[in-house]
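Notes follow the structure.
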2 protein chains.
Amino acid sequence: MDNINGSSLEEMRDILGRLPGPDEDAAARAAARESQLTKPPGALARLEALNEWLARWQGRHPPRIDRPRAAVFAGNHGIAARGVSAYPAEVTAQMVANFQAGGAAINQLCRMFDAELRVYELALEQPTVDFVEGPAMTDAECANAMAFGMMAVEDGLDVICLGEMGIANTTSAAALCHALFGGVAADWTGPGTGVGGEALEAKTRIVADAVALHGSARDDPLEILRRLGGRELAAIVGAIIAARIGRVPVLLDGYACTAAAAVLYRVSPQLIAHCTVAHRSAEPGHARLLEAIGQVPLLDLGMRLGEASGAVLALAVLRAAVACHTGMATFAEAGVSGPA
Amino acid sequence: MDNINGSSLEEMRDILGRLPGPDEDAAARAAARESQLTKPPGALARLEALNEWLARWQGRHPPRIDRPRAAVFAGNHGIAARGVSAYPAEVTAQMVANFQAGGAAINQLCRMFDAELRVYELALEQPTVDFVEGPAMTDAECANAMAFGMMAVEDGLDVICLGEMGIANTTSAAALCHALFGGVAADWTGPGTGVGGEALEAKTRIVADAVALHGSARDDPLEILRRLGGRELAAIVGAIIAARIGRVPVLLDGYACTAAAAVLYRVSPQLIAHCTVAHRSAEPGHARLLEAIGQVPLLDLGMRLGEASGAVLALAVLRAAVACHTGMATFAEAGVSGPA
């Protein structure tokens, strides 16, 4: 990402004020077709709502899922040095190598559900600043990471599944949520890769200390992102923005990914209306966060892996929705009687 | 099904006493491999448990989902004449024609998730007896429908998704559940295809009356099936039995399908250990039934369509599980560090 320069958070704020809105006409056409298909009204429930949502944010009817992409952003965190994860920081780069070699869960899921996988490394050799000591990123670092994330959205994508890899990033996610939504640090801090007992207590204190230091910026969500986020989380924010501009609906993965999206939600809830949370993470803060942003995830399988695994799995639900919407016969076509 | 004769419920009872048990060795091998894959222990949660379950009931490791089948059983109910459904009884046959023409939701889902679809009609021109007046089926009719259902399980299937089509069969399902699990009729009776108000009250009274007439047989679940079930539900019971014999794990669809499985559960809970409920139906009795049989469904998308739609959608989750299990690298293979 060294060749991306010159972005500033001020420019990003400016972009947020000029994002395209929904295509309610396309959504209405999706709803109208659903009402004619050979099933009791509403019997496909969430699948029907997904077709409206896809049409609304793709800006076309019928919606399509021919070209889905999974974008996994990887970053390293200064806070990792405090032992907040069960795994050492070098695992971030090792897992990126595993993604590149095809050995991770996300590789199998992308193959199974026919999604293109792109992995984006964000200066892994250069962790963010330990946010208990100061802001995690400079203005330029945060804005450049956002700009880098924006590049993951290309013309012709039908949906983008966002995910992350970054040892210690549930600590960053917890700090973001605590700063953005209040409560106490324990509300948002969980085991992550698997810490418990004293290590979890220490992690919780670190989140509390970080928010004590930086929380005064809470009315400026992008500033909170700069202070408490990580490069991969800033990149996710950028990808969400670019997806809105490009009319590409977004599937958000678990806790860290949703925490990044919540930064935009705190600027204005409407900014993530083109995003659906794919899966409820087992990380306890995720349920609270979902409630805070008013999202009901598509899946709830107890997973807590990240790397876009939940988002790509939920792609199956989206594809099922579109297949039913476009392929089913209407009552008239099939000669099926309506209600008695 | 006219050419299937000579079965009796006594023979079926006999088969139930000789069903194969789990392969705990295969399950243990699945668990052992899960612990070595490049993810924090347990991070794929339900997917990991599904691999153990598949290995246990396929009787092999690794599990496979190369050849899944969706079996949809269709039957007609005498009780339909009492107006318990929003749709007329002829819709059962019309929807079977829609399945054959490829226009229903299940056709699109089977195409999307690469499952073979088989539709089994059970004497649609001959509805069961109205169970408010007498037993729905004779002993031979019930046993023959079970035997017919058993034929849906062939050698070489890796998993079978079971579903049904039958106008008025949520009334039958409600009566089965009320007889098998107690409570009051309103606990188990819901809108089905979409009845409400007075029609729902009438449906609830019909369920209460039916159980008042037949409930004395409640300690004999197969007799309850004969008295309150339908041919398609008896066929599902048969398919579950045959799947156990053939070592084919089962995905159960919604309320009516789970109610059929509950007949076996009431004989002995272990008889449906090779079955997983795929999706929580919006039909309110389903949540209560799931609690009664101790099942947590894989999906919860508010659907209430039947025709194996939830089961085939959940096939995506099973496939994701197997893909991760068989395709992921181990920590050793990938050179990823373990916990610090």
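We name chains A, B, ... following the order of the structure tokens; residues begin at 1 in each chain, and ligands are numbered from 1 as shown.
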Problem set entry | strand (DSSP E or B) call set, DSSP backbone run, region 78-174 of chain B, as a ChimeraX atom specification | /B:116-121,159-165
Would you save the residues of that selection, restricted to N, CA, C and O atoms, as a PDB file, in the first residue's frame?
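In the end it all went to out18.pdb:
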ATOM      1  N   GLU B 116     -29.999 -33.820  -6.264  1.00  0.00           N
ATOM      2  CA  GLU B 116     -30.950 -34.514  -7.125  1.00  0.00           C
ATOM      3  C   GLU B 116     -32.326 -34.416  -6.478  1.00  0.00           C
ATOM      4  O   GLU B 116     -32.474 -34.690  -5.289  1.00  0.00           O
ATOM      5  N   LEU B 117     -33.331 -34.024  -7.244  1.00  0.00           N
ATOM      6  CA  LEU B 117     -34.683 -33.880  -6.694  1.00  0.00           C
ATOM      7  C   LEU B 117     -35.550 -35.052  -7.121  1.00  0.00           C
ATOM      8  O   LEU B 117     -35.644 -35.370  -8.307  1.00  0.00           O
ATOM      9  N   ARG B 118     -36.195 -35.708  -6.150  1.00  0.00           N
ATOM     10  CA  ARG B 118     -37.184 -36.732  -6.439  1.00  0.00           C
ATOM     11  C   ARG B 118     -38.488 -36.349  -5.750  1.00  0.00           C
ATOM     12  O   ARG B 118     -38.482 -35.998  -4.568  1.00  0.00           O
ATOM     13  N   VAL B 119     -39.561 -36.410  -6.495  1.00  0.00           N
ATOM     14  CA  VAL B 119     -40.883 -36.092  -5.951  1.00  0.00           C
ATOM     15  C   VAL B 119     -41.709 -37.370  -5.933  1.00  0.00           C
ATOM     16  O   VAL B 119     -41.760 -38.085  -6.937  1.00  0.00           O
ATOM     17  N   TYR B 120     -42.278 -37.674  -4.793  1.00  0.00           N
ATOM     18  CA  TYR B 120     -43.038 -38.906  -4.614  1.00  0.00           C
ATOM     19  C   TYR B 120     -44.486 -38.568  -4.297  1.00  0.00           C
ATOM     20  O   TYR B 120     -44.782 -37.986  -3.250  1.00  0.00           O
ATOM     21  N   GLU B 121     -45.372 -38.940  -5.198  1.00  0.00           N
ATOM     22  CA  GLU B 121     -46.812 -38.730  -4.983  1.00  0.00           C
ATOM     23  C   GLU B 121     -47.390 -39.935  -4.270  1.00  0.00           C
ATOM     24  O   GLU B 121     -47.143 -41.069  -4.672  1.00  0.00           O
ATOM     25  N   VAL B 159     -26.346 -37.884   1.653  1.00  0.00           N
ATOM     26  CA  VAL B 159     -27.244 -37.211   2.591  1.00  0.00           C
ATOM     27  C   VAL B 159     -28.601 -37.132   1.908  1.00  0.00           C
ATOM     28  O   VAL B 159     -28.671 -37.096   0.668  1.00  0.00           O
ATOM     29  N   ILE B 160     -29.668 -37.139   2.695  1.00  0.00           N
ATOM     30  CA  ILE B 160     -30.994 -36.978   2.097  1.00  0.00           C
ATOM     31  C   ILE B 160     -31.730 -35.843   2.797  1.00  0.00           C
ATOM     32  O   ILE B 160     -31.733 -35.747   4.031  1.00  0.00           O
ATOM     33  N   CYS B 161     -32.289 -34.950   1.980  1.00  0.00           N
ATOM     34  CA  CYS B 161     -33.073 -33.820   2.462  1.00  0.00           C
ATOM     35  C   CYS B 161     -34.535 -34.205   2.323  1.00  0.00           C
ATOM     36  O   CYS B 161     -34.987 -34.496   1.208  1.00  0.00           O
ATOM     37  N   LEU B 162     -35.276 -34.211   3.418  1.00  0.00           N
ATOM     38  CA  LEU B 162     -36.665 -34.656   3.373  1.00  0.00           C
ATOM     39  C   LEU B 162     -37.615 -33.468   3.470  1.00  0.00           C
ATOM     40  O   LEU B 162     -37.387 -32.541   4.252  1.00  0.00           O
ATOM     41  N   GLY B 163     -38.672 -33.536   2.667  1.00  0.00           N
ATOM     42  CA  GLY B 163     -39.671 -32.474   2.711  1.00  0.00           C
ATOM     43  C   GLY B 163     -41.010 -32.979   2.235  1.00  0.00           C
ATOM     44  O   GLY B 163     -41.152 -34.144   1.859  1.00  0.00           O
ATOM     45  N   GLU B 164     -41.994 -32.116   2.273  1.00  0.00           N
ATOM     46  CA  GLU B 164     -43.362 -32.543   1.960  1.00  0.00           C
ATOM     47  C   GLU B 164     -44.156 -31.450   1.248  1.00  0.00           C
ATOM     48  O   GLU B 164     -43.802 -30.276   1.302  1.00  0.00           O
ATOM     49  N   MET B 165     -45.240 -31.880   0.639  1.00  0.00           N
ATOM     50  CA  MET B 165     -46.247 -30.990   0.070  1.00  0.00           C
ATOM     51  C   MET B 165     -47.577 -31.650   0.356  1.00  0.00           C
ATOM     52  O   MET B 165     -47.774 -32.830   0.035  1.00  0.00           O
TER      53      MET B 165
END
For this session: Define the interface residues of chain A facing chain B as those within 7 Å, counting only C-alpha atoms, and report them as an MDAnalysis selection string.
Result: chainID A and resid 38:40 43:46 86:88 91 94:95 98 103:105 108:109 112 193 299 301:305 316 320 323:324 327:329 334 336:340
Keeping only N, CA and C atoms, write those residues as a short mmCIF file (atom, residue, chain, number, x, y, z; two decimals), in the first residue's frame.
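The new file selection.cif reads:
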data_model
loop_
_atom_site.label_atom_id
_atom_site.label_comp_id
_atom_site.auth_asym_id
_atom_site.auth_seq_id
_atom_site.Cartn_x
_atom_site.Cartn_y
_atom_site.Cartn_z
N THR A 38 -45.00 -18.98 -7.10
CA THR A 38 -45.80 -20.10 -6.59
C THR A 38 -45.40 -20.51 -5.18
N LYS A 39 -45.85 -19.72 -4.21
CA LYS A 39 -45.66 -19.96 -2.78
C LYS A 39 -46.66 -19.08 -2.04
N PRO A 40 -47.05 -19.48 -0.84
CA PRO A 40 -47.90 -18.58 -0.05
C PRO A 40 -47.17 -17.24 0.16
N ALA A 43 -43.80 -16.68 2.19
CA ALA A 43 -43.32 -17.97 2.70
C ALA A 43 -41.81 -18.13 2.59
N LEU A 44 -41.17 -17.33 1.72
CA LEU A 44 -39.70 -17.40 1.67
C LEU A 44 -39.05 -16.28 2.50
N ALA A 45 -39.87 -15.47 3.16
CA ALA A 45 -39.44 -14.60 4.25
C ALA A 45 -38.15 -13.85 3.96
N ARG A 46 -37.11 -14.18 4.70
CA ARG A 46 -35.85 -13.45 4.58
C ARG A 46 -35.30 -13.51 3.15
N ALA A 86 -4.45 -15.06 22.04
CA ALA A 86 -3.86 -16.37 22.36
C ALA A 86 -2.71 -16.70 21.41
N TYR A 87 -2.59 -15.95 20.32
CA TYR A 87 -1.58 -16.26 19.30
C TYR A 87 -0.60 -15.10 19.14
N PRO A 88 0.65 -15.40 18.75
CA PRO A 88 1.63 -14.34 18.55
C PRO A 88 1.34 -13.56 17.26
N VAL A 91 1.42 -14.63 13.47
CA VAL A 91 0.38 -15.47 12.85
C VAL A 91 -0.39 -14.70 11.77
N GLN A 94 1.58 -15.32 8.74
CA GLN A 94 1.54 -16.76 8.44
C GLN A 94 0.19 -17.16 7.86
N MET A 95 -0.86 -16.56 8.37
CA MET A 95 -2.19 -16.89 7.84
C MET A 95 -2.39 -16.29 6.44
N ASN A 98 -0.97 -18.69 4.30
CA ASN A 98 -1.90 -19.82 4.22
C ASN A 98 -3.04 -19.50 3.24
N GLY A 103 -4.80 -22.90 1.89
CA GLY A 103 -5.02 -23.85 2.98
C GLY A 103 -5.97 -23.41 4.08
N ALA A 104 -6.50 -22.21 3.98
CA ALA A 104 -7.35 -21.70 5.07
C ALA A 104 -8.82 -22.02 4.81
N ALA A 105 -9.64 -21.83 5.84
CA ALA A 105 -11.08 -22.05 5.70
C ALA A 105 -11.65 -21.21 4.56
N GLN A 108 -11.43 -22.72 1.10
CA GLN A 108 -12.38 -23.81 0.82
C GLN A 108 -13.77 -23.24 0.58
N LEU A 109 -14.13 -22.22 1.37
CA LEU A 109 -15.47 -21.65 1.25
C LEU A 109 -15.64 -20.91 -0.08
N MET A 112 -16.04 -23.51 -2.72
CA MET A 112 -17.36 -24.15 -2.63
C MET A 112 -18.46 -23.24 -3.19
N THR A 193 -9.47 -15.04 19.92
CA THR A 193 -8.94 -16.35 19.51
C THR A 193 -8.98 -17.37 20.64
N LEU A 299 -26.97 -15.78 9.40
CA LEU A 299 -26.58 -17.08 9.95
C LEU A 299 -26.16 -16.94 11.40
N LEU A 301 -24.14 -19.71 13.47
CA LEU A 301 -23.58 -21.06 13.57
C LEU A 301 -22.46 -21.13 14.60
N GLY A 302 -22.36 -20.09 15.44
CA GLY A 302 -21.39 -20.13 16.53
C GLY A 302 -19.95 -19.92 16.11
N MET A 303 -19.73 -19.55 14.85
CA MET A 303 -18.37 -19.40 14.37
C MET A 303 -17.71 -18.14 14.93
N ARG A 304 -16.39 -18.15 14.94
CA ARG A 304 -15.63 -16.98 15.42
C ARG A 304 -14.25 -17.02 14.80
N LEU A 305 -14.22 -17.09 13.47
CA LEU A 305 -12.96 -17.25 12.76
C LEU A 305 -12.52 -16.00 12.04
N ALA A 316 -24.31 -18.25 0.08
CA ALA A 316 -25.22 -19.32 -0.33
C ALA A 316 -26.67 -18.90 -0.14
N ALA A 320 -29.38 -18.48 -3.07
CA ALA A 320 -30.66 -19.19 -3.00
C ALA A 320 -31.80 -18.21 -3.24
N ALA A 323 -31.86 -17.25 -6.94
CA ALA A 323 -32.28 -18.38 -7.77
C ALA A 323 -33.79 -18.56 -7.71
N CYS A 324 -34.36 -18.47 -6.50
CA CYS A 324 -35.82 -18.60 -6.38
C CYS A 324 -36.51 -17.44 -7.09
N GLY A 327 -35.95 -17.85 -10.96
CA GLY A 327 -36.28 -19.12 -11.60
C GLY A 327 -37.67 -19.66 -11.37
N MET A 328 -38.34 -19.22 -10.29
CA MET A 328 -39.65 -19.80 -9.97
C MET A 328 -40.73 -19.36 -10.95
N ALA A 329 -41.71 -20.24 -11.13
CA ALA A 329 -42.88 -19.91 -11.94
C ALA A 329 -43.83 -19.03 -11.14
N ALA A 334 -47.79 -21.42 -13.81
CA ALA A 334 -47.84 -22.82 -13.39
C ALA A 334 -49.26 -23.37 -13.32
N VAL A 336 -51.37 -22.85 -10.94
CA VAL A 336 -51.64 -23.22 -9.55
C VAL A 336 -52.72 -22.27 -9.01
N SER A 337 -53.70 -22.84 -8.29
CA SER A 337 -54.78 -22.03 -7.74
C SER A 337 -54.28 -21.11 -6.64
N GLY A 338 -54.88 -19.95 -6.54
CA GLY A 338 -54.59 -19.04 -5.44
C GLY A 338 -55.40 -19.44 -4.21
N PRO A 339 -55.37 -18.62 -3.16
CA PRO A 339 -56.12 -18.93 -1.94
C PRO A 339 -57.60 -19.18 -2.25
N ALA A 340 -58.17 -20.10 -1.46
CA ALA A 340 -59.57 -20.52 -1.70
C ALA A 340 -60.52 -19.36 -1.42
#
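Using only C-alpha atoms, the smallest distance between any of A:Lys203, A:Ile79, A:Val72, A:Pro269 and Glu307 (chain A) comes from A:Val72.
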Problem set entry | Val250 (chain B) surroundings by only C-alpha atoms, 12 Å radius, close-in-sequence under 6 positions cut, as a PyMOL selection string | chain B and resi 50+53-54+57-58+65+68-71+152-153+157-163+236-237+239-244+257-258+261+271-278+308+311-312+314-315+318
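Residues lying within 9 Å of Asp130 (chain B), counting only C-alpha atoms and ignoring same-chain neighbours fewer than 2 positions away, are His77, Gly78, Ile79, Ala80, Ala81, Arg82, Pro127, Thr128, Val132, Glu133, Gly134, Pro135, Ala136 and Leu228 of chain B.
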Exercise. Restricting the calculation to only C-alpha atoms, which member of A:Ala175, A:Ile245, A:Ala32, A:Leu180 is positioned closest to Val207 (chain A)?
Worked result: A:Ala175
Problem set entry | From A:Leu252, A:Val267, A:Leu222, A:Ala235, residue lying nearest Met151 (chain A) [only C-alpha atoms] |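 Between A:Leu252, A:Val267, A:Leu222, A:Ala235, the residue approaching Met151 (chain A) most closely is A:Ala235.
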Exercise. Skipping near chain neighbours, those fewer than 6 positions away, what residues fall within 10 Å of Thr138 (chain B) using only C-alpha atoms, listed as a PyMOL selection string?
Worked result: chain B and resi 8-9+128-129+144+223+226-227
Could the residues in this selection be saved with N, CA, C and O atoms as an mmCIF file, in the first residue's frame?
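Below is the file that was written, selection.cif:
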data_model
loop_
_atom_site.group_PDB
_atom_site.id
_atom_site.type_symbol
_atom_site.label_atom_id
_atom_site.label_comp_id
_atom_site.auth_asym_id
_atom_site.auth_seq_id
_atom_site.Cartn_x
_atom_site.Cartn_y
_atom_site.Cartn_z
ATOM 1 N N SER B 8 -46.981 -54.057 7.303
ATOM 2 C CA SER B 8 -47.838 -53.799 8.458
ATOM 3 C C SER B 8 -47.051 -52.987 9.478
ATOM 4 O O SER B 8 -45.815 -52.984 9.463
ATOM 5 N N LEU B 9 -47.774 -52.290 10.338
ATOM 6 C CA LEU B 9 -47.086 -51.504 11.367
ATOM 7 C C LEU B 9 -46.307 -52.417 12.305
ATOM 8 O O LEU B 9 -45.280 -52.014 12.862
ATOM 9 N N THR B 128 -56.590 -39.049 2.803
ATOM 10 C CA THR B 128 -56.799 -39.817 4.040
ATOM 11 C C THR B 128 -58.189 -39.516 4.591
ATOM 12 O O THR B 128 -58.839 -38.544 4.178
ATOM 13 N N VAL B 129 -58.622 -40.326 5.534
ATOM 14 C CA VAL B 129 -59.915 -40.089 6.193
ATOM 15 C C VAL B 129 -59.801 -38.837 7.076
ATOM 16 O O VAL B 129 -58.750 -38.564 7.655
ATOM 17 N N ASN B 144 -47.817 -49.109 4.348
ATOM 18 C CA ASN B 144 -47.422 -49.044 2.942
ATOM 19 C C ASN B 144 -46.840 -47.685 2.582
ATOM 20 O O ASN B 144 -45.896 -47.595 1.792
ATOM 21 N N GLU B 223 -49.108 -45.747 16.176
ATOM 22 C CA GLU B 223 -50.577 -45.726 16.118
ATOM 23 C C GLU B 223 -51.077 -44.274 16.007
ATOM 24 O O GLU B 223 -52.045 -43.996 15.291
ATOM 25 N N ARG B 226 -50.706 -43.304 12.441
ATOM 26 C CA ARG B 226 -51.777 -43.895 11.641
ATOM 27 C C ARG B 226 -53.079 -43.098 11.792
ATOM 28 O O ARG B 226 -53.793 -42.843 10.828
ATOM 29 N N ARG B 227 -53.364 -42.673 13.022
ATOM 30 C CA ARG B 227 -54.631 -42.009 13.286
ATOM 31 C C ARG B 227 -54.646 -40.534 12.876
ATOM 32 O O ARG B 227 -55.674 -40.016 12.444
#
Exercise. What lies within 8 Å of Ala30 (chain B) using only C-alpha atoms, ignoring chain neighbours under 6 positions off, as a list in words?
Worked result: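 Residues meeting the cut-off are Asn51, Glu52, Ala55, His61 and Pro62 of chain B.
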Put those residues in a file: N, CA and C atoms, as an mmCIF file, in the first residue's frame.
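result_17.cif was written with the following content:
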data_model
loop_
_atom_site.group_PDB
_atom_site.id
_atom_site.type_symbol
_atom_site.label_atom_id
_atom_site.label_comp_id
_atom_site.auth_asym_id
_atom_site.auth_seq_id
_atom_site.Cartn_x
_atom_site.Cartn_y
_atom_site.Cartn_z
ATOM 1 N N ASN B 51 -19.289 -32.055 10.972
ATOM 2 C CA ASN B 51 -18.373 -33.063 10.425
ATOM 3 C C ASN B 51 -18.330 -34.310 11.299
ATOM 4 N N GLU B 52 -18.346 -34.107 12.604
ATOM 5 C CA GLU B 52 -18.404 -35.271 13.501
ATOM 6 C C GLU B 52 -19.703 -36.040 13.296
ATOM 7 N N ALA B 55 -19.654 -37.931 9.972
ATOM 8 C CA ALA B 55 -18.779 -39.109 10.049
ATOM 9 C C ALA B 55 -19.444 -40.209 10.876
ATOM 10 N N HIS B 61 -14.749 -41.794 7.683
ATOM 11 C CA HIS B 61 -14.014 -40.536 7.755
ATOM 12 C C HIS B 61 -13.000 -40.511 6.625
ATOM 13 N N PRO B 62 -12.915 -39.397 5.893
ATOM 14 C CA PRO B 62 -13.715 -38.165 6.010
ATOM 15 C C PRO B 62 -15.137 -38.355 5.487
#
For this session: Quote the spacing between CA of Gly254 (chain A) and CA of Gly17 (chain A) in Å to one decimal place.
Result: 26.7 Å
Problem set entry | Filtered DSSP result for region 79-244 of chain A, state helix (DSSP H, G or I), as JSON, numbers by chain | {"A": [79, 80, 81, 82, 90, 91, 92, 93, 94, 95, 96, 97, 98, 99, 100, 101, 105, 106, 107, 108, 109, 110, 111, 112, 139, 140, 141, 142, 143, 144, 145, 146, 147, 148, 149, 150, 169, 170, 171, 172, 173, 174, 175, 176, 177, 178, 179, 180, 181, 185, 186, 187, 188, 197, 198, 199, 200, 201, 202, 203, 204, 205, 206, 207, 208, 209, 210, 211, 212, 213, 214, 215, 216, 217, 221, 222, 223, 224, 225, 226, 227, 228, 231, 232, 233, 234, 235, 236, 237, 238, 239, 240, 241, 242, 243, 244]}
